[in-house]
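Notes follow the structure.
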Amino acid sequence: MMLVEGKIAVVTGGASGIGEATAKTYAEHGASVVVADIDEAGAAGTVEDIVDDGGEATYVRTDVSSEADVERMIETAVEGYGGLDVLFNNAGTEGALADFAEYESADFDRVVDVNLRGTFYGMKYGIRAMLADGGGSIISTSSVASATGIMGRAGYSASKAGINGMTRAAAMEYAEDGIRVNAILPGIVSTSMQDRVARQRPDTTDRYEIAEAMPGRADPRELANAVLFLGSDLASRITGVALPVEGGFLLQP
């Protein structure tokens with residue numbers, strides 16, 4: 001069953017991890033995909049894999065902290081494929097690791113610029129395109145950190161909580177226009193970001209893995225499947241939701 005056949009999707013952070021898996025999953029289910037990332041080589045590899053498998057994809061270099069880049073990213077979908085049906089705001093950074101009182105303001109600004117402001121820009125220009133196209137679905141990558149916080153990651157925790165707030169606000173504003181806005185809350189996922197975090201503070205990562213009721217780390221494809229569902233017509237009545245995809249992490253007391 002092709003869940004997004006004929007749809008046009010934009011995926012940020014599409015060079016690796018959850019973004020790469022989602023771009024490929026959408027293409028497998030019939031979507032034309034714009035892969036956006038600052039990692040040109042990684043994103044080009046994603047596009048090449050999709051095309052080699054018979055799918056349709058194109059790459060646009062995008063720094064999501066740049067409003068002009070994000071606007072051009074959306075224009076690439078509209079001008080190249082004729083519209084925008086699904087936007088996955090996924091690009092992000094873990095930010096600095098530091099105790100709260102020692103967290104540098106510049107480090108805080110940087111992670112907020114990428115994670116929160118980047119998602120804001122995506123929503124802003126994505127919504128404009130969807131209003132002109134009769135509706136669509138926006139999904140953003142939040143985190144379990146938005147609900148629990150993470151020690152040493154003040155900027156990351158704050159930025160992800162902000163994504164949840166923007167998701168709810170946009171969902172209410174544009175429900176009557178046929179635009180659904182949701183977020184996913186990953187837990188521990190096998191990505192390069194998670195590997196960096198584990199090297200910096202392995203004790204914390206070990207505790208979080210134990211906290212997930214389901215064993216091991218999630219595969220990025222498991223997150224991609226959730227994004228596929230939210231972007232498909234199967235989720236036609238779902239909006240304003242922050243969906244945990246975290247193996248039971250948030251069930252723990």
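Going by the structure tokens order, chains are called A, B, ..., each with residues numbered from 1, while ligands are numbered from 1 in the order shown.
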
Residues of segment 117-205 of chain A classed as helix (DSSP H, G or I) by DSSP on the backbone are to be reported as JSON, numbers by chain. {"A": [117, 118, 119, 120, 121, 122, 123, 124, 125, 126, 127, 128, 129, 130, 131, 145, 146, 147, 148, 154, 155, 156, 157, 158, 159, 160, 161, 162, 163, 164, 165, 166, 167, 168, 169, 170, 171, 172, 173, 174, 175, 176, 177, 192, 193, 194, 195, 196, 197, 198, 199, 200, 202, 203, 204, 205]}

Please return as number ranges by chain: the residues of segment 123-172 of chain A that backbone DSSP assigns to strand (DSSP E or B). A: 136-141

Of the residues A:Ile8, A:Ala96, A:Ala36, A:Ile138, which is the one nearest to Gly80 of chain A, using only C-alpha atoms?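 Nearest to Gly80 of chain A: A:Ile8.
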
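Picture a line from atom CA of Ser143 of chain A to atom CA of Gly30 of chain A; it runs 27.7 Å.
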
Test item: residues at most 10 Å from Val245 of chain A, only C-alpha atoms, excluding those fewer than 3 positions along its chain, as a ChimeraX atom specification: /A:143-144,184-189,218,222-223,226,242,248-250

I'd like the interatomic distance between atom CA of Arg117 of chain A and atom CA of Glu40 of chain A, to a tenth of an Å.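 Answer for the atom CA of Arg117 of chain A to atom CA of Glu40 of chain A separation: 21.4 Å.
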
Measuring atom to atom with only C-alpha atoms, identify which of A:Ser146, A:Ser137, A:Asn225, A:Ser66 is nearest to Gly19 of chain A. A:Asn225

Please measure the separation of atom CA of Ser32 of chain A and atom CA of Ile139 of chain A, giving the value in Å to one decimal. 16.6 Å

Nearest candidate to Tyr26 of chain A (options A:Gly83, A:Gly45, A:Gly231, A:Pro215; using only C-alpha atoms): A:Gly231

Write out as a VMD selection string each polymer residue whose atoms come within 10 Å of Val86 of chain A, counting only C-alpha atoms; drop sequence neighbours fewer than 5 positions from it. chain A and resid 4 7 to 11 26 31 33 126 130 135 to 139 179 to 181 227 to 228 230 to 232
